[in-house]
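Quick notes on the structure that follows.
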Amino acid sequence: MTTSPTDQTQQTLVDRFGRVATDLRVSLTDRCNLRCTYCMPPEGLDWMPGDEALTDDEVVRLIGVATGRLGVDEVRFTGGEPLVRRGLVSIIGRTREIAPHAELSITTNALGLAKTAGALAEAGLDRVNVSLDSIRPDTFAQITRRDRLPDVISGLEAAAEAGLGPIKINAVLLRGVNDDQAAELLGWSVERGYELRFIEQMPLDAQHGWSRETMVTADDTLAALSASFDLTPAEEPRGSAPAELFHVDGGPAKVGIIASVTRPFCGDCDRVRLTADGQVRDCLFARSESDLRTPLRAGASDDDLAARWVTAMAGKAAGHGIDDLGFLQPDRPMSAIGG
Ligand code: SAM
Ligand code: SF4
């Protein structure tokens, strides 16, 4: 049977709780040129063998299935570090061609962004999220284990110049390392027109170093910020957005708090993940995955891949379960899932 373009969009990635995934996070590599302490050990990880990673054609094909048949309207490229993927600009250009109306963004550490921001914008990228935990060179180097703060700052400037806004900055606060710098980072971001969001540290590091007792909570962050700024909850409905937004000193500047651990938002989740080796994950914390690479390489049709993807999502758990007694951290670390 042939399918018309209308038939193609009739399936959705709905789970048994009625949540519909429309936001696809695509990991393009598990490799990275930083070694953030909350993400990776100093020596890095055993990187994925080259033949296990999806090729550019395979990634674009699966994105096409998601956007063309499964109702996905937002694609975020991540990793590892997406800017180290050689085919990134071409993958984004091809995604833009097959999904002209989808919102396309990347989450990046911004190393090398100064060079590629223009090409990324031209290829059809809409926005960037840049990860930056401190604007002090010594703290930046302590967290990332690399002395590269100037590259991040020039990357941010280039992204703004290329029109890749609104630019968001993701920051993770670590107790005794940069938790005294929350207000400084916010002032710096507001001055430059970047929207800062603080993300609670999650148990997703390869070294299993996370601890509930020492993590900096959303309450801690809000208390620290409130000493220097007047924060008022933003009135717009939050929907499926993970960040709780606050106006800074009456606005228009805003700051976001992503309290994945202490104020989970799983009930409104609209995300689905595709790993660099072609596995669908319905949650960052999922304990199982659904393989799309094997059927893809065995010649599966788009209909077949779409059907497998729909089945994969149906079993999504109600929540991440970090607070459950039997909680087990997923086998893949954040850098191999795609944050
Ligand atoms: N390398 C890119 C970057 O750093 O933006 C993209 C991948 S990184 C895994 C995506 C996001 O996950 C970053 O903002 C990073 O700060 C965040 N992240 C990594 N490990 C985390 C953890 N254990 N808890 C919370 N956020 C984490
Ligand atoms: Fe690399 Fe991003 Fe992990 Fe830092 S958080 S080590 S930049 S993947």
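All residue names refer to the structure tokens as shown: chains lettered A, B, ... in order, residues numbered from 1 in each chain, ligands numbered from 1 in order.
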
For chain A against ligand 2, with a cut-off of 9 Å and counting only C-alpha atoms and all ligand atoms, what is the closest atom pair and its distance in Å to one decimal for every residue that makes the cut, ordered by chain and number, as a tab-separated table?
```
residue	atom	partner	partner_atom_place_in_ligand_line	distance
A:Asp30	CA	ligand 2	8 (S)	7.3
A:Arg31	CA	ligand 2	8 (S)	7.2
A:Cys32	CA	ligand 2	1 (Fe)	4.7
A:Asn33	CA	ligand 2	1 (Fe)	6.2
A:Leu34	CA	ligand 2	1 (Fe)	4.7
A:Arg35	CA	ligand 2	6 (S)	4.0
A:Cys36	CA	ligand 2	6 (S)	4.1
A:Thr37	CA	ligand 2	6 (S)	7.2
A:Tyr38	CA	ligand 2	5 (S)	7.3
A:Cys39	CA	ligand 2	3 (Fe)	4.6
A:Met40	CA	ligand 2	6 (S)	5.5
A:Pro41	CA	ligand 2	6 (S)	8.5
A:Gly44	CA	ligand 2	6 (S)	8.4
A:Thr78	CA	ligand 2	8 (S)	8.3
A:Gly79	CA	ligand 2	8 (S)	5.9
A:Gly80	CA	ligand 2	8 (S)	3.9
A:Glu81	CA	ligand 2	8 (S)	5.2
A:Pro82	CA	ligand 2	8 (S)	8.7
A:Thr107	CA	ligand 2	2 (Fe)	8.3
A:Thr108	CA	ligand 2	2 (Fe)	6.7
A:Asn109	CA	ligand 2	7 (S)	4.8
A:Ala110	CA	ligand 2	7 (S)	8.5
A:Leu111	CA	ligand 2	7 (S)	8.8
A:Ser131	CA	ligand 2	7 (S)	7.1
A:Leu132	CA	ligand 2	7 (S)	8.9
A:Ile143	CA	ligand 2	4 (Fe)	8.6
A:Thr144	CA	ligand 2	4 (Fe)	6.3
A:Asp205	CA	ligand 2	3 (Fe)	8.6
A:Met334	CA	ligand 2	3 (Fe)	7.0
A:Ser335	CA	ligand 2	8 (S)	4.7
A:Ala336	CA	ligand 2	8 (S)	8.2
A:Gly338	CA	ligand 2	8 (S)	8.0
A:Gly339	CA	ligand 2	8 (S)	7.8
```

When you look at Leu284 of chain A with a cut-off of 12 Å (counting only C-alpha atoms), what residues show up, excluding the ones that are within fewer than 4 positions of it in the same chain? I need them as a ChimeraX atom specification. /A:25,27,202-205,260,266,269,271-275,280,288-289,316-317,319-322,329-339

In Å to one decimal, how far is atom 3 (C, counted along the ligand's line) of ligand 1 from atom CA of Ala286 of chain A?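 Computing the Euclidean distance for atom CA of Ala286 of chain A and atom 3 (C, counted along the ligand's line) of ligand 1 yields 20.3 Å.
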
Give me, as a PDB file with N, CA and C atoms, in the first residue's frame, all polymer residues having an atom no more than 12 Å from segment 230-233 of chain A, counting only C-alpha atoms and skipping those fewer than 4 positions away in the same chain.
```
ATOM      1  N   ALA A 183      25.225  34.029  41.174  1.00  0.00           N
ATOM      2  CA  ALA A 183      24.791  35.400  40.891  1.00  0.00           C
ATOM      3  C   ALA A 183      25.725  36.070  39.879  1.00  0.00           C
ATOM      4  N   LEU A 186      24.856  34.835  36.494  1.00  0.00           N
ATOM      5  CA  LEU A 186      23.585  35.408  36.030  1.00  0.00           C
ATOM      6  C   LEU A 186      23.773  36.865  35.581  1.00  0.00           C
ATOM      7  N   THR A 221      19.952  27.216  44.843  1.00  0.00           N
ATOM      8  CA  THR A 221      20.275  28.157  43.759  1.00  0.00           C
ATOM      9  C   THR A 221      19.392  29.393  43.851  1.00  0.00           C
ATOM     10  N   LEU A 222      18.110  29.181  44.068  1.00  0.00           N
ATOM     11  CA  LEU A 222      17.192  30.328  44.148  1.00  0.00           C
ATOM     12  C   LEU A 222      17.553  31.222  45.336  1.00  0.00           C
ATOM     13  N   ALA A 223      17.946  30.594  46.447  1.00  0.00           N
ATOM     14  CA  ALA A 223      18.329  31.390  47.624  1.00  0.00           C
ATOM     15  C   ALA A 223      19.572  32.219  47.305  1.00  0.00           C
ATOM     16  N   ALA A 224      20.533  31.611  46.635  1.00  0.00           N
ATOM     17  CA  ALA A 224      21.773  32.333  46.306  1.00  0.00           C
ATOM     18  C   ALA A 224      21.478  33.492  45.350  1.00  0.00           C
ATOM     19  N   LEU A 225      20.631  33.258  44.359  1.00  0.00           N
ATOM     20  CA  LEU A 225      20.327  34.311  43.378  1.00  0.00           C
ATOM     21  C   LEU A 225      19.519  35.438  44.018  1.00  0.00           C
ATOM     22  N   SER A 226      18.622  35.054  44.924  1.00  0.00           N
ATOM     23  CA  SER A 226      17.722  36.053  45.518  1.00  0.00           C
ATOM     24  C   SER A 226      18.477  37.053  46.398  1.00  0.00           C
ATOM     25  N   PRO A 237       2.681  29.974  30.670  1.00  0.00           N
ATOM     26  CA  PRO A 237       2.536  28.574  31.068  1.00  0.00           C
ATOM     27  C   PRO A 237       3.800  27.784  30.720  1.00  0.00           C
ATOM     28  N   ARG A 238       4.185  26.881  31.607  1.00  0.00           N
ATOM     29  CA  ARG A 238       5.443  26.151  31.432  1.00  0.00           C
ATOM     30  C   ARG A 238       5.325  25.028  30.412  1.00  0.00           C
ATOM     31  N   ALA A 243      12.428  23.927  32.292  1.00  0.00           N
ATOM     32  CA  ALA A 243      12.878  25.051  33.135  1.00  0.00           C
ATOM     33  C   ALA A 243      11.707  25.809  33.741  1.00  0.00           C
ATOM     34  N   GLU A 244      11.801  26.043  35.063  1.00  0.00           N
ATOM     35  CA  GLU A 244      10.901  27.015  35.710  1.00  0.00           C
ATOM     36  C   GLU A 244      11.547  28.375  35.469  1.00  0.00           C
ATOM     37  N   LEU A 245      10.762  29.314  34.947  1.00  0.00           N
ATOM     38  CA  LEU A 245      11.367  30.602  34.574  1.00  0.00           C
ATOM     39  C   LEU A 245      11.026  31.690  35.575  1.00  0.00           C
ATOM     40  N   PHE A 246      11.988  32.579  35.796  1.00  0.00           N
ATOM     41  CA  PHE A 246      11.791  33.718  36.696  1.00  0.00           C
ATOM     42  C   PHE A 246      12.270  34.980  35.985  1.00  0.00           C
ATOM     43  N   HIS A 247      11.521  36.064  36.131  1.00  0.00           N
ATOM     44  CA  HIS A 247      12.016  37.353  35.650  1.00  0.00           C
ATOM     45  C   HIS A 247      13.100  37.834  36.604  1.00  0.00           C
ATOM     46  N   VAL A 248      14.122  38.448  36.027  1.00  0.00           N
ATOM     47  CA  VAL A 248      15.218  38.981  36.834  1.00  0.00           C
ATOM     48  C   VAL A 248      15.010  40.484  36.972  1.00  0.00           C
ATOM     49  N   ASP A 249      14.911  40.958  38.193  1.00  0.00           N
ATOM     50  CA  ASP A 249      14.719  42.388  38.470  1.00  0.00           C
ATOM     51  C   ASP A 249      13.610  42.985  37.614  1.00  0.00           C
ATOM     52  N   GLY A 250      12.492  42.307  37.529  1.00  0.00           N
ATOM     53  CA  GLY A 250      11.327  42.817  36.804  1.00  0.00           C
ATOM     54  C   GLY A 250      11.330  42.518  35.314  1.00  0.00           C
ATOM     55  N   GLY A 251      12.364  41.902  34.785  1.00  0.00           N
ATOM     56  CA  GLY A 251      12.430  41.524  33.369  1.00  0.00           C
ATOM     57  C   GLY A 251      12.951  42.668  32.526  1.00  0.00           C
ATOM     58  N   PRO A 252      13.066  42.489  31.203  1.00  0.00           N
ATOM     59  CA  PRO A 252      12.666  41.303  30.452  1.00  0.00           C
ATOM     60  C   PRO A 252      13.600  40.100  30.635  1.00  0.00           C
ATOM     61  N   ALA A 253      14.773  40.308  31.250  1.00  0.00           N
ATOM     62  CA  ALA A 253      15.685  39.166  31.386  1.00  0.00           C
ATOM     63  C   ALA A 253      15.046  38.079  32.248  1.00  0.00           C
ATOM     64  N   LYS A 254      15.390  36.823  31.891  1.00  0.00           N
ATOM     65  CA  LYS A 254      14.831  35.689  32.642  1.00  0.00           C
ATOM     66  C   LYS A 254      15.950  34.738  33.054  1.00  0.00           C
ATOM     67  N   VAL A 255      15.676  33.969  34.094  1.00  0.00           N
ATOM     68  CA  VAL A 255      16.589  32.884  34.468  1.00  0.00           C
ATOM     69  C   VAL A 255      15.741  31.627  34.645  1.00  0.00           C
ATOM     70  N   GLY A 256      16.312  30.493  34.286  1.00  0.00           N
ATOM     71  CA  GLY A 256      15.574  29.230  34.393  1.00  0.00           C
ATOM     72  C   GLY A 256      16.212  28.307  35.420  1.00  0.00           C
ATOM     73  N   ILE A 257      15.382  27.512  36.067  1.00  0.00           N
ATOM     74  CA  ILE A 257      15.877  26.504  37.015  1.00  0.00           C
ATOM     75  C   ILE A 257      15.337  25.161  36.529  1.00  0.00           C
TER      76      ILE A 257
END
```

Would you compute the distance between atom CA of Val60 of chain A and atom CA of Ile91 of chain A? Give it in Å to one decimal.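 One can read the atom CA of Val60 of chain A to atom CA of Ile91 of chain A distance as 6.5 Å.
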
In Å, how far is it from atom CA of Asp291 of chain A to atom CA of Trp210 of chain A? 28.6 Å

Check the DSSP output for the backbone and give back, as a list in words, the residues of segment 123-183 of chain A in helix (DSSP H, G or I). Ala123, Pro137, Asp138, Thr139, Phe140, Ala141, Gln142, Ile143, Thr144, Leu149, Pro150, Asp151, Val152, Ile153, Ser154, Gly155, Leu156, Glu157, Ala158, Ala159, Ala160, Glu161, Ala182 and Ala183 of chain A
